[in-house]
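Heads up, the thing below is written out as structure tokens.
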Amino acid sequence: MQQPLSPSLTAFAPAGHPLVRVEHLSRVISTRSQKTVILRDVTFSVPERSLFAINGPSGSGKSTLLNMLTGVDRPTSGRVIFGNEELGGRSENALARWRGQHVGVIFQFFQLVPTLTAAENVLLALELGKGGGLPKRDWRKRAQECLETVGLSAFARRLPSELSGGQQQRVAIARALANNPPVLIADEPTGNLDSRMAHEVFATLAGLTQQGKTVIYVTHDRELAARAQARIGLLDGCIVEQQGANALLVSSMEVGR
Ligand SMILES: Nc1ncnc2c1ncn2[C@@H]1O[C@H](COP(=O)(O)OP(=O)(O)O)[C@@H](O)[C@H]1O
Ligand SMILES: [Mg+2]
């Protein structure tokens with residue numbers, strides 16, 4: 001007879017169950033004279049605890065899609081379902097609150113506050129996100145733990161200008177982890193780094209799936225996309241390739257029609 005999995009093992013069970021489901025999502029920008037379709041009938045899902053890539057050339061709609069996933073921008077039609085919750089139909093305030101609890105965002109250009117140390121940048125996120133429910137007296141310890149997770153506990157008191165680009169991006173990852181969100185979303189996280197630092201940052205992000213996080217990253221780099229466990233490829237706002245993402249494909253012949 002099979003032994004039941006211990007809770008600690010089930011926590012690290014292979015990824016598979018969809019955490020985010022995107023259904024028939026479209027984004028159209030209309031001006032008086034024309035309509036521009038930026039995303040067209042995009043359907044896919046992100047398996048829980050996976051390293052998930054959104055790949056495609058510049059202008060293919062990757063950042064627009066990320067903004068729909070974080071609720072920063074609203075789709076023209078279709079829906080985003082996160083766990084069992086649908087994002088549509090919420091007020092801006094409700095969405096901002098939801099985002100603070102569920103998603104940590106990482107940007108290409110780090111966006112650290114230059115006058116705050118590494119630890120203070122993480123603490124600021126805790127203050128803005130109310131510590132993800134953690135009592136205030138534990139926030140400093142939490143900030144230090146987040147820096148430790150990204151291998152920077154010895155750099156807590158440094159200003160961003162005293163850190164390398166790769167280290168700054170790892171502080172940004174620590175900040176994204178601060179309120180303990182289940183999902184991290186990164187837009188071209190290594191796009192501003194040389195290859196050694198890019199490797200360091202990518203390895204840090206990939207390692208977070210071992211701690212139960214789902215990591216969604218955007219990249220125009222096919223090689224970096226191929227290292228994900230599941231992915232979609234966008235071209236002109238349509239999904240033209242996928243792996244492990246249950247995506248609805250549009251043949252690249254049809255794109256642009
Ligand atoms: N607010 C907007 N108004 C008009 N066009 C936009 C807007 N946002 C994005 N676009 C266009 O949509 C396309 C996709 O943009 P984006 O999502 O930034 O692509 P990517 O991140 O893949 O480079 C681009 O052609 C871009 O110019
Ligand atoms: Mg972009």
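Labels for the structure tokens follow display order: chains A, B, ..., residues from 1 in each chain, ligands from 1.
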
Enumerate as a PyMOL selection string the residues within 8 Å of ligand 2, counting only C-alpha atoms and all ligand atoms.
chain A and resi 58-59+61-64+187-188+218

Using C-alpha atoms, can you export the residues from the last selection as a tab-separated table (two decimals), in the first residue's frame?
```tsv
chain	number	residue	atom	x	y	z
A	58	SER	CA	9.16	43.18	-28.68
A	59	GLY	CA	5.66	44.53	-29.30
A	61	GLY	CA	1.83	42.04	-26.14
A	62	LYS	CA	3.79	40.51	-23.25
A	63	SER	CA	3.68	43.52	-20.92
A	64	THR	CA	0.03	44.16	-21.76
A	187	ASP	CA	8.73	41.65	-16.70
A	188	GLU	CA	12.09	41.06	-18.45
A	218	VAL	CA	8.31	37.65	-19.42
```

Please check which protein, DNA or RNA residues sit within 9 Å of ligand 1, counting only C-alpha atoms and all ligand atoms, and write them as JSON, numbers by chain.
{"A": [28, 29, 30, 31, 36, 37, 38, 39, 55, 56, 57, 58, 59, 60, 61, 62, 63, 64, 65, 66, 67, 187, 188, 218, 219, 220, 234, 235, 236, 237]}

Dump C-alpha atoms for the selected residues as a PDB file, in the first residue's frame?
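Below you can see part.pdb, which holds the result:
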```pdb
ATOM      1  CA  VAL A  28      -8.354  46.430 -27.924  1.00  0.00           C
ATOM      2  CA  ILE A  29      -7.415  50.087 -27.833  1.00  0.00           C
ATOM      3  CA  SER A  30      -9.883  52.274 -29.649  1.00  0.00           C
ATOM      4  CA  THR A  31      -9.314  55.809 -30.758  1.00  0.00           C
ATOM      5  CA  THR A  36      -5.729  48.390 -32.375  1.00  0.00           C
ATOM      6  CA  VAL A  37      -5.902  44.787 -31.231  1.00  0.00           C
ATOM      7  CA  ILE A  38      -3.097  44.217 -28.734  1.00  0.00           C
ATOM      8  CA  LEU A  39      -4.201  40.803 -27.423  1.00  0.00           C
ATOM      9  CA  ASN A  55       7.893  34.710 -24.586  1.00  0.00           C
ATOM     10  CA  GLY A  56       7.667  36.754 -27.767  1.00  0.00           C
ATOM     11  CA  PRO A  57       9.378  39.541 -29.677  1.00  0.00           C
ATOM     12  CA  SER A  58       9.165  43.175 -28.676  1.00  0.00           C
ATOM     13  CA  GLY A  59       5.660  44.530 -29.296  1.00  0.00           C
ATOM     14  CA  SER A  60       3.959  41.110 -29.161  1.00  0.00           C
ATOM     15  CA  GLY A  61       1.825  42.036 -26.136  1.00  0.00           C
ATOM     16  CA  LYS A  62       3.790  40.510 -23.252  1.00  0.00           C
ATOM     17  CA  SER A  63       3.684  43.516 -20.916  1.00  0.00           C
ATOM     18  CA  THR A  64       0.032  44.162 -21.761  1.00  0.00           C
ATOM     19  CA  LEU A  65      -0.755  40.579 -20.778  1.00  0.00           C
ATOM     20  CA  LEU A  66       1.163  40.919 -17.489  1.00  0.00           C
ATOM     21  CA  ASN A  67      -0.809  44.039 -16.650  1.00  0.00           C
ATOM     22  CA  ASP A 187       8.732  41.654 -16.701  1.00  0.00           C
ATOM     23  CA  GLU A 188      12.089  41.060 -18.452  1.00  0.00           C
ATOM     24  CA  VAL A 218       8.306  37.650 -19.422  1.00  0.00           C
ATOM     25  CA  THR A 219      11.237  37.396 -21.768  1.00  0.00           C
ATOM     26  CA  HIS A 220      11.969  38.075 -25.428  1.00  0.00           C
ATOM     27  CA  LEU A 234       3.101  35.380 -28.297  1.00  0.00           C
ATOM     28  CA  LEU A 235       3.205  36.972 -31.727  1.00  0.00           C
ATOM     29  CA  ASP A 236       1.165  40.057 -32.563  1.00  0.00           C
ATOM     30  CA  GLY A 237      -1.090  39.484 -29.552  1.00  0.00           C
TER      31      GLY A 237
END
```

Could you give me, as a Markdown table, every segment 172-200 of chain A residue with an atom at most 12 Å from segment 70-90 of chain A, plus its closest atom pair and distance in Å to one decimal, counting only C-alpha atoms, rows ordered by chain then number?
```
| residue | atom | partner | partner_atom | distance |
| --- | --- | --- | --- | --- |
| A:Pro182 | CA | A:Gly83 | CA | 10.3 |
| A:Val183 | CA | A:Thr70 | CA | 9.9 |
| A:Leu184 | CA | A:Thr70 | CA | 10.0 |
| A:Ile185 | CA | A:Thr70 | CA | 8.2 |
| A:Ala186 | CA | A:Thr70 | CA | 10.8 |
| A:Asp187 | CA | A:Thr70 | CA | 11.6 |
```

Writing out the chosen residues with C-alpha atoms as a PDB file, in the first residue's frame:
```pdb
ATOM      1  CA  PRO A 182       1.856  33.019  -3.798  1.00  0.00           C
ATOM      2  CA  VAL A 183       2.792  34.425  -7.213  1.00  0.00           C
ATOM      3  CA  LEU A 184       5.757  36.462  -8.448  1.00  0.00           C
ATOM      4  CA  ILE A 185       5.474  38.243 -11.763  1.00  0.00           C
ATOM      5  CA  ALA A 186       8.574  39.582 -13.512  1.00  0.00           C
ATOM      6  CA  ASP A 187       8.732  41.654 -16.701  1.00  0.00           C
TER       7      ASP A 187
END
```

Give me, as a PyMOL selection string, all polymer residues having an atom no more than 10 Å from segment 196-203 of chain A, counting only C-alpha atoms and skipping those fewer than 3 positions away in the same chain.
chain A and resi 150+164-170+173+189-193+206-208+217+224+227

Write the selection just made, keeping N, CA and C atoms, as a short mmCIF file (atom, residue, chain, number, x, y, z; two decimals), in the first residue's frame?
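The resulting again_13.cif:
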```cif
data_model
loop_
_atom_site.label_atom_id
_atom_site.label_comp_id
_atom_site.auth_asym_id
_atom_site.auth_seq_id
_atom_site.Cartn_x
_atom_site.Cartn_y
_atom_site.Cartn_z
N VAL A 150 17.32 35.47 -0.99
CA VAL A 150 17.96 35.81 -2.28
C VAL A 150 19.49 35.89 -2.13
N SER A 164 25.74 45.63 -7.13
CA SER A 164 25.77 45.39 -8.58
C SER A 164 24.34 45.31 -9.11
N GLY A 165 24.19 45.36 -10.42
CA GLY A 165 22.85 45.25 -11.02
C GLY A 165 22.15 43.97 -10.61
N GLY A 166 22.90 42.85 -10.63
CA GLY A 166 22.31 41.56 -10.25
C GLY A 166 21.86 41.57 -8.80
N GLN A 167 22.69 42.20 -7.94
CA GLN A 167 22.31 42.27 -6.52
C GLN A 167 21.09 43.17 -6.34
N GLN A 168 21.03 44.26 -7.08
CA GLN A 168 19.85 45.15 -6.97
C GLN A 168 18.59 44.40 -7.38
N GLN A 169 18.71 43.60 -8.44
CA GLN A 169 17.52 42.86 -8.87
C GLN A 169 17.14 41.82 -7.82
N ARG A 170 18.13 41.25 -7.14
CA ARG A 170 17.80 40.29 -6.08
C ARG A 170 17.15 40.99 -4.88
N ILE A 173 13.69 41.23 -5.82
CA ILE A 173 13.00 39.94 -5.62
C ILE A 173 12.64 39.78 -4.13
N PRO A 189 13.01 40.37 -16.27
CA PRO A 189 13.81 40.61 -15.05
C PRO A 189 15.31 40.62 -15.29
N THR A 190 15.76 40.00 -16.37
CA THR A 190 17.21 39.97 -16.62
C THR A 190 17.59 40.83 -17.82
N GLY A 191 16.63 41.59 -18.32
CA GLY A 191 16.82 42.35 -19.56
C GLY A 191 17.86 43.46 -19.45
N ASN A 192 18.19 43.85 -18.22
CA ASN A 192 19.11 44.96 -18.03
C ASN A 192 20.44 44.49 -17.42
N LEU A 193 20.71 43.18 -17.53
CA LEU A 193 21.87 42.62 -16.83
C LEU A 193 22.81 41.90 -17.80
N ALA A 206 14.16 30.93 -10.20
CA ALA A 206 13.81 29.52 -10.40
C ALA A 206 13.76 28.80 -9.05
N GLY A 207 14.66 29.17 -8.13
CA GLY A 207 14.72 28.53 -6.82
C GLY A 207 13.46 28.77 -6.00
N LEU A 208 12.75 29.84 -6.28
CA LEU A 208 11.56 30.17 -5.48
C LEU A 208 10.44 29.15 -5.68
N TYR A 217 7.46 34.80 -15.66
CA TYR A 217 8.39 35.81 -16.15
C TYR A 217 8.22 36.02 -17.64
N LEU A 224 16.01 31.63 -22.70
CA LEU A 224 15.57 31.81 -21.31
C LEU A 224 14.14 31.26 -21.14
N ARG A 227 13.81 27.48 -20.60
CA ARG A 227 14.18 26.94 -19.29
C ARG A 227 12.99 26.87 -18.33
#
```

Atom CA of Lys141 of chain A and atom CA of Phe107 of chain A are how many Å apart?
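Taking atom CA of Lys141 of chain A as the start and atom CA of Phe107 of chain A as the end point, the length is 24.5 Å.
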
Given only C-alpha atoms as the basis, pick out the residue of A:Arg157, A:Ala143, A:Ser50, A:Glu241 nearest to Arg222 of chain A.
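For Arg222 of chain A, the nearest of the given residues is A:Glu241.
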
Residue list (strand (DSSP E), DSSP) for segment 57-232 of chain A, as JSON, numbers by chain:
{"A": [77, 78, 79, 80, 81, 82, 85, 86, 103, 104, 105, 106, 183, 184, 185, 186, 187, 214, 215, 216, 217, 218, 219, 230, 231, 232]}

Could you turn the residues from that selection into a file that holds N, CA and C atoms, as an mmCIF file, in the first residue's frame?
```cif
data_model
loop_
_atom_site.group_PDB
_atom_site.id
_atom_site.type_symbol
_atom_site.label_atom_id
_atom_site.label_comp_id
_atom_site.auth_asym_id
_atom_site.auth_seq_id
_atom_site.Cartn_x
_atom_site.Cartn_y
_atom_site.Cartn_z
ATOM 1 N N SER A 77 -12.283 42.097 -23.344
ATOM 2 C CA SER A 77 -13.197 40.974 -23.113
ATOM 3 C C SER A 77 -12.391 39.796 -22.589
ATOM 4 N N GLY A 78 -13.114 38.801 -22.083
ATOM 5 C CA GLY A 78 -12.449 37.639 -21.504
ATOM 6 C C GLY A 78 -12.197 37.823 -20.026
ATOM 7 N N ARG A 79 -11.591 36.809 -19.411
ATOM 8 C CA ARG A 79 -11.402 36.914 -17.960
ATOM 9 C C ARG A 79 -10.121 36.263 -17.448
ATOM 10 N N VAL A 80 -9.742 36.704 -16.268
ATOM 11 C CA VAL A 80 -8.584 36.147 -15.560
ATOM 12 C C VAL A 80 -9.100 35.582 -14.243
ATOM 13 N N ILE A 81 -8.814 34.302 -14.018
ATOM 14 C CA ILE A 81 -9.255 33.660 -12.778
ATOM 15 C C ILE A 81 -8.014 33.225 -11.998
ATOM 16 N N PHE A 82 -7.924 33.696 -10.791
ATOM 17 C CA PHE A 82 -6.746 33.468 -9.936
ATOM 18 C C PHE A 82 -7.191 32.567 -8.805
ATOM 19 N N GLU A 85 -10.806 32.868 -7.762
ATOM 20 C CA GLU A 85 -11.351 34.227 -7.785
ATOM 21 C C GLU A 85 -11.207 34.865 -9.163
ATOM 22 N N GLU A 86 -12.263 35.492 -9.617
ATOM 23 C CA GLU A 86 -12.178 36.205 -10.881
ATOM 24 C C GLU A 86 -11.797 37.664 -10.613
ATOM 25 N N VAL A 103 0.257 39.061 -5.371
ATOM 26 C CA VAL A 103 1.311 39.117 -6.383
ATOM 27 C C VAL A 103 2.475 40.004 -5.952
ATOM 28 N N GLY A 104 3.672 39.513 -6.194
ATOM 29 C CA GLY A 104 4.869 40.347 -6.040
ATOM 30 C C GLY A 104 5.392 40.649 -7.430
ATOM 31 N N VAL A 105 5.650 41.927 -7.703
ATOM 32 C CA VAL A 105 6.046 42.294 -9.060
ATOM 33 C C VAL A 105 7.526 42.696 -9.099
ATOM 34 N N ILE A 106 8.207 42.244 -10.142
ATOM 35 C CA ILE A 106 9.636 42.546 -10.336
ATOM 36 C C ILE A 106 9.784 43.196 -11.722
ATOM 37 N N VAL A 183 2.328 34.288 -5.824
ATOM 38 C CA VAL A 183 2.792 34.425 -7.213
ATOM 39 C C VAL A 183 3.765 35.598 -7.344
ATOM 40 N N LEU A 184 4.840 35.370 -8.098
ATOM 41 C CA LEU A 184 5.757 36.462 -8.448
ATOM 42 C C LEU A 184 5.676 36.666 -9.952
ATOM 43 N N ILE A 185 5.601 37.924 -10.345
ATOM 44 C CA ILE A 185 5.474 38.243 -11.763
ATOM 45 C C ILE A 185 6.601 39.192 -12.148
ATOM 46 N N ALA A 186 7.380 38.809 -13.162
ATOM 47 C CA ALA A 186 8.574 39.582 -13.512
ATOM 48 C C ALA A 186 8.562 39.929 -15.000
ATOM 49 N N ASP A 187 8.711 41.211 -15.306
ATOM 50 C CA ASP A 187 8.732 41.654 -16.701
ATOM 51 C C ASP A 187 10.177 41.880 -17.141
ATOM 52 N N THR A 214 4.783 30.386 -7.364
ATOM 53 C CA THR A 214 4.592 30.302 -8.810
ATOM 54 C C THR A 214 5.274 31.539 -9.387
ATOM 55 N N VAL A 215 6.162 31.335 -10.340
ATOM 56 C CA VAL A 215 6.942 32.458 -10.883
ATOM 57 C C VAL A 215 6.646 32.623 -12.376
ATOM 58 N N ILE A 216 6.053 33.753 -12.718
ATOM 59 C CA ILE A 216 5.720 34.029 -14.127
ATOM 60 C C ILE A 216 6.696 35.098 -14.607
ATOM 61 N N TYR A 217 7.455 34.797 -15.655
ATOM 62 C CA TYR A 217 8.388 35.812 -16.153
ATOM 63 C C TYR A 217 8.225 36.022 -17.643
ATOM 64 N N VAL A 218 8.370 37.262 -18.025
ATOM 65 C CA VAL A 218 8.306 37.650 -19.422
ATOM 66 C C VAL A 218 9.720 37.754 -19.951
ATOM 67 N N THR A 219 9.934 37.222 -21.138
ATOM 68 C CA THR A 219 11.237 37.396 -21.768
ATOM 69 C C THR A 219 11.094 37.372 -23.291
ATOM 70 N N ALA A 230 6.758 25.518 -18.026
ATOM 71 C CA ALA A 230 5.601 25.685 -18.913
ATOM 72 C C ALA A 230 5.716 27.076 -19.524
ATOM 73 N N ARG A 231 5.162 27.237 -20.740
ATOM 74 C CA ARG A 231 5.308 28.570 -21.361
ATOM 75 C C ARG A 231 4.318 28.778 -22.494
ATOM 76 N N ILE A 232 4.157 30.044 -22.836
ATOM 77 C CA ILE A 232 3.441 30.403 -24.053
ATOM 78 C C ILE A 232 4.336 31.328 -24.869
#
```

Residues of segment 4-122 of chain A classed as helix (DSSP H, G or I) by DSSP on the backbone are to be reported as an mmCIF file with N, CA and C atoms, in the first residue's frame.
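Saved to result.cif:
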```cif
data_model
loop_
_atom_site.group_PDB
_atom_site.id
_atom_site.type_symbol
_atom_site.label_atom_id
_atom_site.label_comp_id
_atom_site.auth_asym_id
_atom_site.auth_seq_id
_atom_site.Cartn_x
_atom_site.Cartn_y
_atom_site.Cartn_z
ATOM 1 N N PRO A 7 2.736 16.173 5.060
ATOM 2 C CA PRO A 7 2.369 17.515 4.621
ATOM 3 C C PRO A 7 3.539 18.237 3.958
ATOM 4 N N SER A 8 4.772 18.033 4.493
ATOM 5 C CA SER A 8 5.899 18.759 3.918
ATOM 6 C C SER A 8 6.174 18.272 2.502
ATOM 7 N N LEU A 9 5.894 16.984 2.232
ATOM 8 C CA LEU A 9 6.110 16.500 0.871
ATOM 9 C C LEU A 9 5.033 16.992 -0.078
ATOM 10 N N THR A 10 3.790 16.994 0.390
ATOM 11 C CA THR A 10 2.733 17.459 -0.516
ATOM 12 C C THR A 10 2.942 18.914 -0.880
ATOM 13 N N ALA A 11 3.533 19.670 0.069
ATOM 14 C CA ALA A 11 3.779 21.083 -0.225
ATOM 15 C C ALA A 11 4.711 21.235 -1.423
ATOM 16 N N LYS A 62 3.415 41.163 -24.513
ATOM 17 C CA LYS A 62 3.790 40.510 -23.252
ATOM 18 C C LYS A 62 3.473 41.391 -22.040
ATOM 19 N N SER A 63 3.911 42.646 -22.082
ATOM 20 C CA SER A 63 3.684 43.516 -20.916
ATOM 21 C C SER A 63 2.198 43.795 -20.736
ATOM 22 N N THR A 64 1.481 43.944 -21.841
ATOM 23 C CA THR A 64 0.032 44.162 -21.761
ATOM 24 C C THR A 64 -0.623 42.977 -21.051
ATOM 25 N N LEU A 65 -0.197 41.775 -21.407
ATOM 26 C CA LEU A 65 -0.755 40.579 -20.778
ATOM 27 C C LEU A 65 -0.425 40.545 -19.279
ATOM 28 N N LEU A 66 0.804 40.890 -18.921
ATOM 29 C CA LEU A 66 1.163 40.919 -17.489
ATOM 30 C C LEU A 66 0.283 41.895 -16.727
ATOM 31 N N ASN A 67 0.033 43.047 -17.330
ATOM 32 C CA ASN A 67 -0.809 44.039 -16.650
ATOM 33 C C ASN A 67 -2.234 43.543 -16.433
ATOM 34 N N MET A 68 -2.695 42.633 -17.294
ATOM 35 C CA MET A 68 -4.025 42.021 -17.090
ATOM 36 C C MET A 68 -3.948 41.003 -15.941
ATOM 37 N N LEU A 69 -2.811 40.284 -15.870
ATOM 38 C CA LEU A 69 -2.662 39.266 -14.818
ATOM 39 C C LEU A 69 -2.588 39.895 -13.438
ATOM 40 N N GLU A 92 -11.051 49.568 -8.319
ATOM 41 C CA GLU A 92 -9.596 49.793 -8.328
ATOM 42 C C GLU A 92 -9.002 49.522 -6.954
ATOM 43 N N ASN A 93 -9.682 49.982 -5.906
ATOM 44 C CA ASN A 93 -9.175 49.795 -4.549
ATOM 45 C C ASN A 93 -9.118 48.319 -4.179
ATOM 46 N N ALA A 94 -10.183 47.607 -4.544
ATOM 47 C CA ALA A 94 -10.233 46.181 -4.218
ATOM 48 C C ALA A 94 -9.127 45.448 -4.979
ATOM 49 N N LEU A 95 -8.901 45.853 -6.229
ATOM 50 C CA LEU A 95 -7.856 45.212 -7.027
ATOM 51 C C LEU A 95 -6.474 45.494 -6.442
ATOM 52 N N ALA A 96 -6.259 46.736 -6.009
ATOM 53 C CA ALA A 96 -4.956 47.093 -5.434
ATOM 54 C C ALA A 96 -4.702 46.286 -4.162
ATOM 55 N N ARG A 97 -5.756 46.128 -3.358
ATOM 56 C CA ARG A 97 -5.634 45.324 -2.133
ATOM 57 C C ARG A 97 -5.322 43.867 -2.473
ATOM 58 N N TRP A 98 -6.074 43.371 -3.445
ATOM 59 C CA TRP A 98 -5.879 41.989 -3.876
ATOM 60 C C TRP A 98 -4.444 41.777 -4.360
ATOM 61 N N ARG A 99 -3.975 42.718 -5.164
ATOM 62 C CA ARG A 99 -2.625 42.626 -5.732
ATOM 63 C C ARG A 99 -1.577 42.588 -4.616
ATOM 64 N N GLY A 100 -1.750 43.445 -3.623
ATOM 65 C CA GLY A 100 -0.803 43.510 -2.512
ATOM 66 C C GLY A 100 -0.666 42.174 -1.790
ATOM 67 N N GLN A 101 -1.746 41.410 -1.757
ATOM 68 C CA GLN A 101 -1.710 40.137 -1.023
ATOM 69 C C GLN A 101 -1.291 38.948 -1.884
ATOM 70 N N HIS A 102 -1.546 39.054 -3.206
ATOM 71 C CA HIS A 102 -1.383 37.864 -4.038
ATOM 72 C C HIS A 102 -0.201 37.875 -4.992
ATOM 73 N N ALA A 118 19.000 48.259 1.289
ATOM 74 C CA ALA A 118 18.331 47.040 0.816
ATOM 75 C C ALA A 118 17.222 46.632 1.796
ATOM 76 N N ALA A 119 17.568 46.591 3.097
ATOM 77 C CA ALA A 119 16.574 46.167 4.104
ATOM 78 C C ALA A 119 15.403 47.148 4.153
ATOM 79 N N GLU A 120 15.701 48.442 4.049
ATOM 80 C CA GLU A 120 14.622 49.444 4.105
ATOM 81 C C GLU A 120 13.708 49.357 2.881
ATOM 82 N N ASN A 121 14.268 49.005 1.715
ATOM 83 C CA ASN A 121 13.423 48.816 0.541
ATOM 84 C C ASN A 121 12.433 47.673 0.765
ATOM 85 N N VAL A 122 12.894 46.608 1.400
ATOM 86 C CA VAL A 122 12.000 45.473 1.674
ATOM 87 C C VAL A 122 10.976 45.863 2.752
#
```

Which of these, A:Gly212, A:Gly244, A:Pro114, A:Pro181, has the shortest distance to Ser45 of chain A once you count only C-alpha atoms?
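Using only C-alpha atoms, Ser45 of chain A sits closest to A:Gly244.
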
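Between Leu159 of chain A and the candidates A:Ala226, A:Leu112, A:Val42, A:Ile54, the tightest atom-to-atom separation, counting only C-alpha atoms, involves A:Leu112.
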
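Between atom CA of Gly151 of chain A and atom CA of Asn180 of chain A there is a distance of 17.0 Å.
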
Would you kindly return, as number ranges by chain, each protein, DNA or RNA residue with an atom no farther than 7 Å from any atom of Cys146 of chain A, considering only C-alpha atoms and excluding same-chain residues fewer than 5 positions away?
A: 174, 177-178

Residues from last step as file, N, CA and C atoms, as a PDB file, in the first residue's frame:
```
ATOM      1  N   ALA A 174      13.578  40.149  -3.254  1.00  0.00           N
ATOM      2  CA  ALA A 174      13.297  40.093  -1.804  1.00  0.00           C
ATOM      3  C   ALA A 174      12.102  40.985  -1.477  1.00  0.00           C
ATOM      4  N   LEU A 177       8.924  39.425  -2.371  1.00  0.00           N
ATOM      5  CA  LEU A 177       8.564  38.318  -1.469  1.00  0.00           C
ATOM      6  C   LEU A 177       8.017  38.800  -0.127  1.00  0.00           C
ATOM      7  N   ALA A 178       8.207  40.101   0.157  1.00  0.00           N
ATOM      8  CA  ALA A 178       7.994  40.620   1.511  1.00  0.00           C
ATOM      9  C   ALA A 178       6.668  40.189   2.138  1.00  0.00           C
TER      10      ALA A 178
END
```

Can you work out which one of A:Ala228, A:Leu163, A:Leu134, A:Leu19 has the shortest atom-to-atom distance to Lys213 of chain A, counting only C-alpha atoms?
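For Lys213 of chain A, the nearest of the given residues is A:Leu19.
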